[in-house]
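Q: The file below is target.cif, mmCIF, C-alpha atoms:
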data_target
#
loop_
_atom_site.label_atom_id
_atom_site.label_comp_id
_atom_site.auth_asym_id
_atom_site.auth_seq_id
_atom_site.Cartn_x
_atom_site.Cartn_y
_atom_site.Cartn_z
CA MET A 9 0.00 0.00 0.00
CA LYS A 10 1.27 3.45 -0.86
CA ARG A 11 1.89 5.50 2.24
CA PRO A 12 0.04 8.80 2.31
CA ILE A 13 2.30 11.85 2.63
CA LYS A 14 2.89 12.46 6.33
CA VAL A 15 3.26 16.08 7.43
CA LEU A 16 4.05 17.70 10.77
CA ILE A 17 2.36 21.06 11.32
CA ALA A 18 3.72 23.02 14.27
CA LYS A 19 3.98 26.50 15.69
CA ALA A 20 7.32 27.42 17.18
CA GLY A 21 7.98 29.80 20.01
CA LEU A 22 5.69 32.18 21.85
CA ASP A 23 2.91 32.45 19.30
CA GLY A 24 -0.64 31.55 20.20
CA HIS A 25 -2.28 32.28 16.84
CA GLU A 26 -3.41 28.79 16.03
CA ARG A 27 -6.27 29.20 13.57
CA GLY A 28 -4.22 29.35 10.37
CA ALA A 29 -2.09 26.33 11.23
CA LEU A 30 -5.17 24.33 12.16
CA VAL A 31 -6.95 25.29 8.92
CA VAL A 32 -3.90 24.14 6.93
CA ALA A 33 -3.74 20.90 8.96
CA MET A 34 -7.38 20.13 8.24
CA GLY A 35 -7.00 21.14 4.60
CA LEU A 36 -4.09 18.76 4.10
CA ARG A 37 -6.08 16.01 5.83
CA ASP A 38 -8.83 16.64 3.28
CA ALA A 39 -6.19 16.39 0.54
CA GLY A 40 -5.49 12.81 1.73
CA MET A 41 -2.42 13.42 3.87
CA GLU A 42 -1.67 12.19 7.37
CA VAL A 43 -1.09 15.33 9.42
CA VAL A 44 0.51 15.31 12.85
CA TYR A 45 -0.58 18.53 14.51
CA THR A 46 1.46 19.56 17.54
CA GLY A 47 -0.14 22.93 18.17
CA ILE A 48 1.30 26.06 19.68
CA ARG A 49 4.43 26.90 21.67
CA ASN A 50 6.70 24.13 20.44
CA THR A 51 10.43 24.55 20.87
CA PRO A 52 12.52 23.93 17.73
CA GLU A 53 14.00 20.95 19.61
CA GLN A 54 10.54 19.46 20.17
CA ILE A 55 9.62 19.99 16.53
CA VAL A 56 12.71 18.21 15.23
CA GLN A 57 12.39 15.28 17.66
CA ALA A 58 8.69 14.96 16.77
CA ALA A 59 9.64 14.91 13.07
CA ILE A 60 12.10 12.09 13.74
CA GLN A 61 9.74 10.00 15.88
CA GLU A 62 6.85 10.49 13.47
CA ASP A 63 9.03 9.87 10.39
CA VAL A 64 7.32 12.63 8.44
CA ASN A 65 7.95 13.59 4.81
CA ALA A 66 7.49 17.29 5.47
CA ILE A 67 7.42 19.88 8.25
CA GLY A 68 5.17 22.94 8.03
CA LEU A 69 6.13 25.79 10.36
CA SER A 70 3.71 28.58 11.15
CA SER A 71 4.51 31.94 12.68
CA LEU A 72 2.47 35.10 13.08
CA SER A 73 4.40 36.69 15.91
CA GLY A 74 7.58 37.89 14.23
CA GLY A 75 9.76 35.18 15.72
CA HIS A 76 10.13 33.27 12.46
CA MET A 77 13.78 34.07 11.69
CA ALA A 78 15.15 32.87 15.03
CA GLN A 79 12.79 29.93 15.44
CA PHE A 80 12.85 28.58 11.86
CA ALA A 81 16.63 29.01 11.56
CA ARG A 82 17.05 26.95 14.71
CA VAL A 83 14.80 24.19 13.29
CA MET A 84 16.93 24.07 10.13
CA GLU A 85 20.13 24.02 12.18
CA LEU A 86 18.87 21.13 14.31
CA LEU A 87 17.77 19.16 11.25
CA ARG A 88 21.31 19.53 9.88
CA LYS A 89 22.81 18.57 13.23
CA GLU A 90 20.63 15.46 13.43
CA LYS A 91 21.56 14.65 9.80
CA ILE A 92 17.91 14.47 8.78
CA LYS A 93 17.77 14.27 5.02
CA GLY A 94 14.77 14.12 2.77
CA VAL A 95 12.37 16.02 5.01
CA LEU A 96 10.91 18.98 3.19
CA VAL A 97 10.40 22.13 5.26
CA PHE A 98 7.86 24.79 4.34
CA ALA A 99 6.45 27.75 6.23
CA GLY A 100 3.47 30.04 6.49
CA GLY A 101 2.19 33.05 8.35
CA ILE A 102 3.02 36.72 8.47
CA ILE A 103 6.51 36.85 7.02
CA PRO A 104 7.98 39.93 5.25
CA ASP A 105 9.30 39.46 1.70
CA GLU A 106 12.92 40.18 2.63
CA ASP A 107 12.74 37.43 5.25
CA VAL A 108 11.22 34.99 2.75
CA LYS A 109 14.43 35.24 0.74
CA LYS A 110 16.54 34.61 3.82
CA LEU A 111 14.41 31.66 4.87
CA LYS A 112 14.72 30.10 1.44
CA LYS A 113 18.48 30.46 1.68
CA LEU A 114 18.30 28.51 4.94
CA GLY A 115 16.67 25.65 3.06
CA ILE A 116 12.98 26.35 3.63
CA ARG A 117 11.50 25.35 0.32
CA GLU A 118 8.40 27.54 0.19
CA VAL A 119 6.70 30.22 2.27
CA PHE A 120 2.91 30.60 2.09
CA GLY A 121 1.69 34.02 3.15
CA PRO A 122 -1.81 35.43 3.60
CA GLY A 123 -4.16 34.56 0.74
CA SER A 124 -2.45 31.26 -0.08
CA THR A 125 -4.92 28.53 -0.90
CA ILE A 126 -4.97 25.08 0.68
CA ALA A 127 -4.99 23.69 -2.85
CA SER A 128 -1.68 25.40 -3.66
CA ILE A 129 -0.06 24.05 -0.47
CA ALA A 130 -1.38 20.53 -1.11
CA GLU A 131 -0.22 20.68 -4.74
CA PHE A 132 3.24 21.85 -3.65
CA LEU A 133 3.55 19.00 -1.14
CA LYS A 134 2.32 16.36 -3.55
CA LYS A 135 4.88 17.49 -6.11
CA SER A 136 7.81 18.07 -3.78
CA ALA A 137 7.40 15.67 -0.87
CA ARG A 138 6.68 12.59 -2.97
CA SER A 139 9.91 12.78 -4.91
CA ARG A 140 11.83 12.90 -1.64
CA ARG A 141 10.29 9.87 -0.03
CA ALA A 142 12.59 7.22 1.34
CA MET B 5 18.50 0.65 18.39
CA THR B 6 18.60 4.44 18.01
CA ASN B 7 15.40 6.48 17.72
CA LYS B 8 16.24 7.06 14.07
CA GLU B 9 16.55 3.35 13.35
CA LEU B 10 13.40 2.64 15.34
CA THR B 11 11.33 5.26 13.52
CA LYS B 12 12.26 3.80 10.11
CA LEU B 13 11.49 0.29 11.35
CA VAL B 14 8.04 1.44 12.51
CA THR B 15 7.40 3.00 9.08
CA ARG B 16 8.27 -0.28 7.36
CA LEU B 17 6.03 -2.27 9.70
CA GLU B 18 3.23 0.21 9.12
CA ALA B 19 3.63 -0.39 5.39
CA GLY B 20 3.06 -4.10 5.97
CA GLU B 21 6.61 -5.43 5.97
CA PRO B 22 7.19 -8.34 8.34
CA LEU B 23 9.11 -7.93 11.60
CA ALA B 24 12.46 -9.72 11.49
CA ALA B 25 12.67 -12.79 13.74
CA GLU B 26 15.73 -11.38 15.50
CA PHE B 27 13.60 -8.53 16.82
CA TYR B 28 10.78 -10.78 17.94
CA ALA B 29 13.26 -12.87 19.91
CA ARG B 30 14.10 -9.78 21.95
CA THR B 31 10.49 -9.01 22.96
CA GLY B 32 8.43 -9.99 25.97
CA THR B 33 9.90 -7.76 28.65
CA ALA B 34 7.95 -4.52 28.15
CA ARG B 35 4.67 -3.95 29.95
CA ILE B 36 1.89 -3.22 27.49
CA LEU B 37 -0.70 -0.74 28.73
CA GLY B 38 -3.84 -0.12 26.67
CA ILE B 39 -5.67 3.18 27.07
CA THR B 40 -9.11 3.34 25.49
CA GLY B 41 -12.43 5.16 25.74
CA PRO B 42 -14.71 7.52 23.82
CA PRO B 43 -13.37 10.55 21.91
CA GLY B 44 -12.61 13.61 23.98
CA VAL B 45 -12.53 12.03 27.45
CA GLY B 46 -8.87 12.95 27.90
CA LYS B 47 -6.96 9.79 27.00
CA SER B 48 -3.97 11.65 25.54
CA SER B 49 -3.85 14.15 28.41
CA LEU B 50 -3.87 11.34 30.96
CA ILE B 51 -1.10 9.59 29.05
CA ASP B 52 0.90 12.82 29.18
CA ARG B 53 0.58 12.67 32.98
CA LEU B 54 1.37 8.94 33.08
CA ILE B 55 4.56 9.49 31.06
CA GLY B 56 5.62 12.05 33.67
CA GLU B 57 4.94 9.60 36.52
CA PHE B 58 6.73 6.69 34.84
CA ARG B 59 9.72 8.87 34.00
CA ARG B 60 9.98 9.95 37.64
CA GLN B 61 10.18 6.24 38.50
CA GLY B 62 13.07 5.98 36.04
CA ARG B 63 11.19 3.92 33.47
CA THR B 64 11.36 4.49 29.73
CA VAL B 65 8.07 4.89 27.89
CA SER B 66 6.89 4.59 24.31
CA VAL B 67 3.45 5.51 23.05
CA ILE B 68 1.48 4.41 20.00
CA ALA B 69 -1.23 7.04 19.54
CA ILE B 70 -3.93 6.13 17.05
CA ASP B 71 -6.41 8.45 15.35
CA PRO B 72 -8.91 7.65 12.60
CA THR B 73 -8.29 7.85 8.88
CA SER B 74 -10.88 9.90 7.00
CA PRO B 75 -13.34 7.66 5.14
CA ILE B 76 -13.71 10.50 2.65
CA SER B 77 -10.18 11.70 1.82
CA GLY B 78 -7.99 8.89 3.19
CA GLY B 79 -6.08 11.53 5.14
CA ALA B 80 -5.95 11.91 8.91
CA LEU B 81 -5.47 14.55 11.55
CA LEU B 82 -3.22 13.03 14.20
CA GLY B 83 -3.80 15.18 17.25
CA ASP B 84 -2.83 13.01 20.22
CA ARG B 85 0.83 13.93 20.26
CA LEU B 86 -0.08 17.56 20.84
CA ARG B 87 -1.06 16.67 24.42
CA MET B 88 2.25 14.93 25.11
CA GLN B 89 4.57 17.14 23.10
CA ARG B 90 6.47 18.35 26.21
CA HIS B 91 8.05 14.87 26.38
CA SER B 92 9.39 15.04 22.81
CA GLU B 93 12.85 16.09 23.89
CA ASP B 94 13.15 13.35 26.50
CA ASP B 95 15.41 10.53 25.25
CA GLY B 96 13.50 8.05 27.40
CA VAL B 97 10.24 8.72 25.58
CA PHE B 98 9.24 7.76 22.03
CA ILE B 99 5.84 8.77 20.70
CA ARG B 100 4.44 7.67 17.35
CA SER B 101 1.10 8.73 15.90
CA LEU B 102 -0.63 6.32 13.55
CA ALA B 103 -3.70 6.62 11.35
CA THR B 104 -6.07 3.63 11.31
CA ARG B 105 -5.96 3.42 7.50
CA HIS B 106 -9.46 1.94 7.68
CA HIS B 107 -8.58 -0.82 10.16
CA GLN B 108 -11.62 -1.54 12.37
CA GLY B 109 -11.39 -2.36 16.05
CA GLY B 110 -9.60 0.69 17.44
CA LEU B 111 -6.00 -0.16 16.43
CA THR B 112 -4.12 -0.32 13.12
CA ASP B 113 -3.11 -3.35 11.01
CA ALA B 114 0.48 -3.32 12.24
CA THR B 115 -0.06 -2.33 15.89
CA PRO B 116 0.98 -5.75 17.28
CA GLN B 117 4.21 -5.69 15.27
CA ILE B 118 4.93 -2.07 16.21
CA ILE B 119 4.47 -2.98 19.89
CA HIS B 120 7.08 -5.71 19.36
CA ALA B 121 9.48 -3.21 17.79
CA LEU B 122 9.15 -0.82 20.75
CA ASP B 123 9.53 -3.74 23.15
CA ALA B 124 12.65 -4.94 21.31
CA ALA B 125 14.03 -1.41 21.36
CA GLY B 126 14.10 -1.72 25.14
CA PHE B 127 11.27 0.49 26.37
CA ASN B 128 10.03 -0.54 29.82
CA ILE B 129 6.47 0.48 29.05
CA VAL B 130 4.54 0.55 25.80
CA ILE B 131 1.30 2.54 25.94
CA VAL B 132 -1.25 1.92 23.20
CA GLU B 133 -3.82 4.68 22.85
CA THR B 134 -6.74 3.53 20.72
CA VAL B 135 -8.90 5.73 18.55
CA GLY B 136 -11.82 7.28 20.39
CA THR B 137 -13.95 4.18 20.75
CA GLY B 138 -17.59 3.28 20.74
CA GLN B 139 -18.99 0.27 22.53
CA ASP B 140 -17.56 -2.43 20.32
CA GLU B 141 -13.97 -1.49 19.48
CA VAL B 142 -12.22 -3.78 21.92
CA GLU B 143 -9.23 -5.06 19.97
CA VAL B 144 -6.82 -3.40 22.42
CA ALA B 145 -7.66 -6.19 24.88
CA GLU B 146 -5.93 -8.57 22.46
CA VAL B 147 -2.59 -6.77 22.67
CA ALA B 148 -2.40 -5.18 26.14
CA ASP B 149 -1.50 -6.70 29.50
CA THR B 150 -3.56 -4.08 31.29
CA VAL B 151 -6.47 -2.12 29.81
CA ALA B 152 -7.63 1.16 31.30
CA VAL B 153 -10.96 2.45 30.02
CA ILE B 154 -11.24 6.21 30.38
CA LEU B 155 -14.65 7.82 30.81
CA MET B 156 -15.86 11.17 32.05
CA PRO B 157 -18.73 12.33 34.25
CA GLU B 158 -22.28 12.24 32.87
CA LEU B 159 -21.59 9.70 30.12
CA GLY B 160 -24.47 7.44 31.05
CA ASP B 161 -26.38 5.60 33.74
CA GLU B 162 -25.99 2.13 35.28
CA ILE B 163 -27.47 0.41 32.26
CA GLN B 164 -24.76 1.85 30.03
CA ARG B 165 -22.20 0.48 32.46
CA ALA B 166 -23.79 -2.96 32.40
CA LYS B 167 -23.56 -3.34 28.62
CA SER B 168 -21.16 -5.65 26.83
CA GLY B 169 -18.04 -4.59 25.00
CA LEU B 170 -15.89 -1.68 26.07
CA MET B 171 -16.93 -1.76 29.73
CA GLU B 172 -16.08 -5.45 30.01
CA ILE B 173 -12.47 -5.18 28.87
CA ALA B 174 -11.52 -2.63 31.55
CA ASP B 175 -9.03 -3.80 34.14
CA ILE B 176 -9.10 -0.26 35.50
CA LEU B 177 -11.87 2.29 35.05
CA VAL B 178 -10.86 5.93 35.13
CA ILE B 179 -13.38 8.75 35.40
CA ASN B 180 -11.41 11.72 34.09
CA LYS B 181 -12.34 15.41 34.32
CA VAL B 182 -13.66 15.16 37.86
CA ASP B 183 -12.58 18.78 38.23
CA LEU B 184 -15.66 19.63 36.16
CA MET B 185 -17.90 18.40 38.96
CA ASN B 186 -16.06 20.08 41.81
CA ALA B 187 -15.73 16.58 43.14
CA GLY B 188 -12.72 15.98 45.33
CA THR B 189 -10.86 12.73 44.81
CA THR B 190 -8.93 12.46 48.03
CA GLY B 191 -9.49 9.19 49.80
CA ARG B 192 -12.24 8.20 47.43
CA ASP B 193 -10.59 5.45 45.45
CA THR B 194 -9.65 2.06 46.76
CA ILE B 195 -6.71 0.40 45.09
CA PRO B 196 -7.02 -3.40 45.13
CA SER B 197 -4.67 -5.09 47.55
CA ALA B 198 -1.27 -6.06 46.29
CA GLU B 199 -1.63 -9.65 47.50
CA GLY B 200 -4.98 -10.90 46.25
CA LYS B 201 -5.34 -13.56 43.58
CA GLN B 202 -8.59 -12.06 42.42
CA TRP B 203 -8.74 -8.74 40.63
CA GLU B 204 -11.38 -6.32 41.77
CA ARG B 205 -11.61 -3.65 39.14
CA PRO B 206 -11.02 -0.26 40.69
CA THR B 207 -12.69 2.95 39.59
CA ILE B 208 -10.28 5.86 39.73
CA HIS B 209 -11.48 9.45 39.85
CA ALA B 210 -8.93 11.63 38.16
CA SER B 211 -8.25 14.91 36.47
CA ALA B 212 -5.55 15.16 33.84
CA LYS B 213 -5.93 18.91 34.16
CA THR B 214 -5.10 19.15 37.88
CA GLY B 215 -3.16 15.91 38.29
CA ASP B 216 -5.65 14.71 40.88
CA GLY B 217 -5.97 10.95 41.11
CA LEU B 218 -2.86 10.27 39.02
CA ALA B 219 -1.05 8.63 41.91
CA SER B 220 -4.05 6.31 42.39
CA PHE B 221 -4.10 5.52 38.66
CA CYS B 222 -0.41 4.61 38.71
CA GLY B 223 -0.97 2.58 41.88
CA ALA B 224 -3.78 0.65 40.19
CA ILE B 225 -1.60 -0.05 37.12
CA GLU B 226 1.15 -1.35 39.38
CA ALA B 227 -1.28 -3.44 41.44
CA HIS B 228 -2.78 -4.94 38.31
CA HIS B 229 0.64 -5.94 37.03
CA GLY B 230 1.31 -7.62 40.37
CA TYR B 231 -1.96 -9.50 40.09
CA LEU B 232 -1.17 -10.58 36.50
CA VAL B 233 2.14 -12.07 37.56
CA ARG B 234 0.90 -13.76 40.78
CA SER B 235 -2.20 -15.27 39.27
CA GLY B 236 -0.63 -16.57 36.08
CA GLU B 237 -2.97 -14.33 34.12
CA LEU B 238 -0.05 -12.54 32.44
CA ALA B 239 1.05 -15.76 30.75
CA ARG B 240 -2.54 -16.45 29.69
CA ARG B 241 -2.94 -12.97 28.24
CA ARG B 242 0.33 -13.21 26.37
CA GLU B 243 -0.80 -16.55 24.90
CA ARG B 244 -4.06 -14.98 23.87
CA ALA B 245 -2.19 -12.07 22.27
CA ALA B 246 0.12 -14.41 20.35
CA ARG B 247 -2.85 -16.45 19.14
CA ALA B 248 -4.72 -13.31 18.04
CA GLU B 249 -1.67 -11.99 16.20
CA VAL B 250 -1.06 -15.23 14.31
CA ILE B 251 -4.74 -15.51 13.38
CA ARG B 252 -4.75 -11.95 12.05
CA LEU B 253 -1.61 -12.51 10.01
CA LEU B 254 -3.12 -15.70 8.59
CA GLN B 255 -6.32 -13.84 7.79
CA SER B 256 -4.51 -11.10 5.94
CA ARG B 257 -2.55 -13.67 3.93
CA MET B 258 -5.78 -15.55 3.16
CA THR B 259 -7.48 -12.30 2.15
CA ALA B 260 -4.63 -11.54 -0.22
CA SER B 261 -4.98 -15.02 -1.80
CA ILE B 262 -8.72 -14.59 -2.14
CA LEU B 263 -8.35 -11.19 -3.81
CA ARG B 264 -5.72 -12.62 -6.18
CA VAL B 265 -8.01 -15.46 -7.22
CA LEU B 266 -10.94 -13.10 -7.71
CA GLU B 267 -8.89 -11.34 -10.39
CA ILE B 268 -8.83 -14.36 -12.71
CA PRO B 269 -11.48 -14.40 -15.48
CA ARG B 270 -13.16 -17.62 -14.28
CA ALA B 271 -13.74 -16.02 -10.88
CA GLN B 272 -15.01 -12.85 -12.50
CA ASN B 273 -17.57 -14.92 -14.40
CA ILE B 274 -18.72 -16.57 -11.18
CA LEU B 275 -19.23 -13.16 -9.57
CA THR B 276 -21.19 -11.96 -12.60
CA ASP B 277 -23.38 -15.08 -12.40
CA VAL B 278 -24.16 -14.31 -8.76
CA ALA B 279 -25.06 -10.71 -9.59
CA GLN B 280 -27.37 -11.95 -12.40
CA ARG B 281 -29.00 -14.52 -10.09
CA LYS B 282 -27.76 -17.45 -12.20
CA LEU B 283 -25.76 -18.75 -9.24
CA ASP B 284 -26.32 -18.37 -5.52
CA PRO B 285 -23.56 -16.96 -3.27
CA TYR B 286 -23.00 -20.24 -1.40
CA ASP B 287 -22.42 -22.25 -4.58
CA ALA B 288 -20.11 -19.46 -5.72
CA VAL B 289 -18.12 -19.87 -2.52
CA GLU B 290 -17.90 -23.65 -3.08
CA GLN B 291 -16.51 -23.11 -6.57
CA LEU B 292 -14.14 -20.33 -5.56
CA SER B 293 -12.88 -22.29 -2.55
CA ARG B 294 -11.67 -24.98 -4.93
CA GLU B 295 -9.74 -22.33 -6.83
CA ILE B 296 -8.25 -20.85 -3.67
CA PHE B 297 -7.53 -23.84 -1.45
CA GLY B 298 -7.68 -26.79 -3.84
CA SER B 299 -10.45 -29.40 -3.86
CA GLN B 300 -9.34 -31.26 -0.72
CA ASN B 301 -10.29 -28.31 1.48
CA ARG B 302 -13.85 -28.17 0.38
CA SER B 303 -16.05 -27.43 3.34
CA SER B 304 -18.58 -30.03 4.37
#
So, in terms of structure tokens, how does the structure I just supplied come out?

A:
Amino acid sequence: MKRPIKVLIAKAGLDGHERGALVVAMGLRDAGMEVVYTGIRNTPEQIVQAAIQEDVNAIGLSSLSGGHMAQFARVMELLRKEKIKGVLVFAGGIIPDEDVKKLKKLGIREVFGPGSTIASIAEFLKKSARSRRA
Amino acid sequence: MTNKELTKLVTRLEAGEPLAAEFYARTGTARILGITGPPGVGKSSLIDRLIGEFRRQGRTVSVIAIDPTSPISGGALLGDRLRMQRHSEDDGVFIRSLATRHHQGGLTDATPQIIHALDAAGFNIVIVETVGTGQDEVEVAEVADTVAVILMPELGDEIQRAKSGLMEIADILVINKVDLMNAGTTGRDTIPSAEGKQWERPTIHASAKTGDGLASFCGAIEAHHGYLVRSGELARRRERAARAEVIRLLQSRMTASILRVLEIPRAQNILTDVAQRKLDPYDAVEQLSREIFGSQNRSS
């Protein structure tokens, strides 16, 4: 049986704005994916360990509080440190354009800002996460 | 086995690959604790508390947390881990969320094999959290040494408690969310004696929110384990679990053979004949059985 794409959706740091992340989690469920939702106030360490234990294909990070550069960079650093390969990282939330460029340089594959559709996120994951599956 | 090796092994088992015999040989030492009950009663939150208690005792803990697969999209929202996420960084804890992928009964196809993998990896305790159950999803009793059924206040009257199924498989009953009723728990619960050969099922009043009753819950789990060992019931349950696992593996192999045979044109014709009322279903089964098992296995 073909394994559905498994995605971790998490919010890092002190950011309680959960609605967007939850809408994306439910949308990806409706697109046939298995979504592990770990909610608000995760540390980057918790996110990376959860990604390992859950053996996900992708990690979606959400931030609406302005902490994205520090938090997301730390997630990417820990993934490198743990030698996790083949896990696609994407992001969403309120993230200024100049930071989007920086985040992409860090290895975050795509950033979905306000107005992004669930369909576009699902399409992106189906195209990008499948080809990376172990 | 490192967490990274373990997580890949679990993925392979989940995909239906068999567990290597060398791993199975290393199993049998972990305690298997089943946590079940209706959706929303606080199973995951209680497990979060239990992990904390077990870790304080110096035991390592792994959790299999199961949520349902959507019958519509085939996707799933796995939301149990969220309640236990504070333990993610603890090396002595391994949590894995699984979607049912349409398996009925409250577990997943590969749950028994995944329990073995966690056991072989050396965890002292393996907790299996079922999907939110109804009255008849009782498969967890086939894999666990101890089953705790979690309920909450106002779920039903005495008649509901007397019904078959879920209520019967409980070794421990936990009424969670007692904080909602302003009901104190101190001194209310009696933990069965540590010596008896009979098990008297305790009812524990607890609150995952406040931590009330958690010591009693842990005490009851410990007491039940003592009873299982003393009475010989542990060996009987493990035999029952082994039997159930082998039967299920045989069934899935049989099902695969049946589906293979149904693909051949002769079988397709038989199915068409049944649909067109030219053949009745029982005669169809007689004919197809010969294809699947050979003529000597024809049923009487």

Q: Given the file shown, enumerate the residues that the PyMOL selection byres ((chain A and resi 38) around 10) captures and present them as a list in words.

A: Val32, Ala33, Met34, Gly35, Leu36, Arg37, Ala39, Gly40, Met41, Glu42, Val43, Ile126 and Ala130 of chain A; Ser74, Ile76, Ser77, Gly78, Gly79, Ala80 and Leu81 of chain B

Q: Residues as selected, C-alpha atoms, written as a compact mmCIF listing (two decimals), in the coordinates of the input, can you do that?

A:
# COMPACT_ATOMS: atom_id res chain seq x y z
CA VAL A 32 -3.90 24.14 6.93
CA ALA A 33 -3.74 20.90 8.96
CA MET A 34 -7.38 20.13 8.24
CA GLY A 35 -7.00 21.14 4.60
CA LEU A 36 -4.09 18.76 4.10
CA ARG A 37 -6.08 16.01 5.83
CA ALA A 39 -6.19 16.39 0.54
CA GLY A 40 -5.49 12.81 1.73
CA MET A 41 -2.42 13.42 3.87
CA GLU A 42 -1.67 12.19 7.37
CA VAL A 43 -1.09 15.33 9.42
CA ILE A 126 -4.97 25.08 0.68
CA ALA A 130 -1.38 20.53 -1.11
CA SER B 74 -10.88 9.90 7.00
CA ILE B 76 -13.71 10.50 2.65
CA SER B 77 -10.18 11.70 1.82
CA GLY B 78 -7.99 8.89 3.19
CA GLY B 79 -6.08 11.53 5.14
CA ALA B 80 -5.95 11.91 8.91
CA LEU B 81 -5.47 14.55 11.55

Q: Starting from the PyMOL selection byres ((chain B and resi 52-65) around 6), expand the selection into actual residues of this file and give them as a list in words.

A: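 Listing what the PyMOL selection byres ((chain B and resi 52-65) around 6) selects in the shown file: Ser49, Leu50, Ile51, Ser66, Met88, Gly96, Val97, Phe127, Asn128, Ile129 and Val130 of chain B.
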
Q: Which chain B residues are at most 7 Å from chain A (counting all atoms listed in the file), as a PDB file with C-alpha atoms, in the coordinates of the input?

A:
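Output below, filename result.pdb:
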ATOM      1  CA  ASN B   7      15.400   6.480  17.720  1.00  0.00           C
ATOM      2  CA  LYS B   8      16.240   7.060  14.070  1.00  0.00           C
ATOM      3  CA  THR B  11      11.330   5.260  13.520  1.00  0.00           C
ATOM      4  CA  LYS B  12      12.260   3.800  10.110  1.00  0.00           C
ATOM      5  CA  ALA B  19       3.630  -0.390   5.390  1.00  0.00           C
ATOM      6  CA  SER B  77     -10.180  11.700   1.820  1.00  0.00           C
ATOM      7  CA  GLY B  78      -7.990   8.890   3.190  1.00  0.00           C
ATOM      8  CA  GLY B  79      -6.080  11.530   5.140  1.00  0.00           C
ATOM      9  CA  ALA B  80      -5.950  11.910   8.910  1.00  0.00           C
ATOM     10  CA  LEU B  81      -5.470  14.550  11.550  1.00  0.00           C
ATOM     11  CA  LEU B  82      -3.220  13.030  14.200  1.00  0.00           C
ATOM     12  CA  GLY B  83      -3.800  15.180  17.250  1.00  0.00           C
ATOM     13  CA  ARG B  85       0.830  13.930  20.260  1.00  0.00           C
ATOM     14  CA  LEU B  86      -0.080  17.560  20.840  1.00  0.00           C
ATOM     15  CA  GLN B  89       4.570  17.140  23.100  1.00  0.00           C
ATOM     16  CA  SER B  92       9.390  15.040  22.810  1.00  0.00           C
ATOM     17  CA  GLU B  93      12.850  16.090  23.890  1.00  0.00           C
ATOM     18  CA  PHE B  98       9.240   7.760  22.030  1.00  0.00           C
ATOM     19  CA  ILE B  99       5.840   8.770  20.700  1.00  0.00           C
ATOM     20  CA  ARG B 100       4.440   7.670  17.350  1.00  0.00           C
ATOM     21  CA  SER B 101       1.100   8.730  15.900  1.00  0.00           C
TER      22      SER B 101
END

Q: In the coordinates of the file, take the point (-2.8, -0.7, 42.4) and a cut-off of 10 Å; then, counting all atoms listed in the file, name each qualifying protein, DNA or RNA residue as a VMD selection string.

A: chain B and resid 176 194 to 198 205 to 206 219 to 231

Q: Which residues are near stretch 77-89 of chain A? Cut-off 12 Å, only C-alpha atoms, ignore same chain within fewer than 5 positions. Put them as number ranges by chain.

A: A: 18-23, 49-60, 66-72, 94-100, 102-104, 106-117, 119

Q: Counting all atoms listed in the file, select every polymer residue within 12 Å of (18.3, -8.2, 24.0) as defined in the file's coordinates, and provide the selection as a list in words.

A: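 The answer, in the requested form, is Met5, Glu26, Phe27, Tyr28, Ala29, Arg30, Thr31, Gly32, Thr33, Ala34, Ala121, Asp123, Ala124, Ala125, Gly126 and Phe127 of chain B.
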
Q: Figure out the distance between atom CA of B:Ile208 and atom CA of B:Arg165, please, to one decimal in Å.

A: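 Distance reported for this atom pair: 15.0 Å.
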
Q: Could you spell out the hits of the PyMOL selection byres ((chain B and resi 69) around 7) on the shown file, as a PDB file with C-alpha atoms, in the frame of the given file?

A:
ATOM      1  CA  VAL B  67       3.450   5.510  23.050  1.00  0.00           C
ATOM      2  CA  ILE B  68       1.480   4.410  20.000  1.00  0.00           C
ATOM      3  CA  ILE B  70      -3.930   6.130  17.050  1.00  0.00           C
ATOM      4  CA  ASP B  71      -6.410   8.450  15.350  1.00  0.00           C
ATOM      5  CA  ASP B  84      -2.830  13.010  20.220  1.00  0.00           C
ATOM      6  CA  ARG B 100       4.440   7.670  17.350  1.00  0.00           C
ATOM      7  CA  SER B 101       1.100   8.730  15.900  1.00  0.00           C
ATOM      8  CA  LEU B 102      -0.630   6.320  13.550  1.00  0.00           C
ATOM      9  CA  VAL B 132      -1.250   1.920  23.200  1.00  0.00           C
ATOM     10  CA  GLU B 133      -3.820   4.680  22.850  1.00  0.00           C
ATOM     11  CA  THR B 134      -6.740   3.530  20.720  1.00  0.00           C
TER      12      THR B 134
END

Q: Could you work out how far atom CA of B:Pro43 lies from atom CA of B:Arg242, giving the answer in Å with one decimal?

A: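 Taking atom CA of B:Arg242 and atom CA of B:Pro43, their separation equals 27.8 Å.
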
Q: Looking at A:Lys93, A:Glu26, A:Gly101, A:Gly75, which one is nearest to A:Pro122, with distances taken over all atoms listed in the file?

A: A:Gly101

Q: Please measure the separation of atom CA of B:Arg35 and atom CA of B:Ser235, giving the value in Å to one decimal.

A: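 Value for the atom CA of B:Arg35-atom CA of B:Ser235 distance: 16.2 Å.
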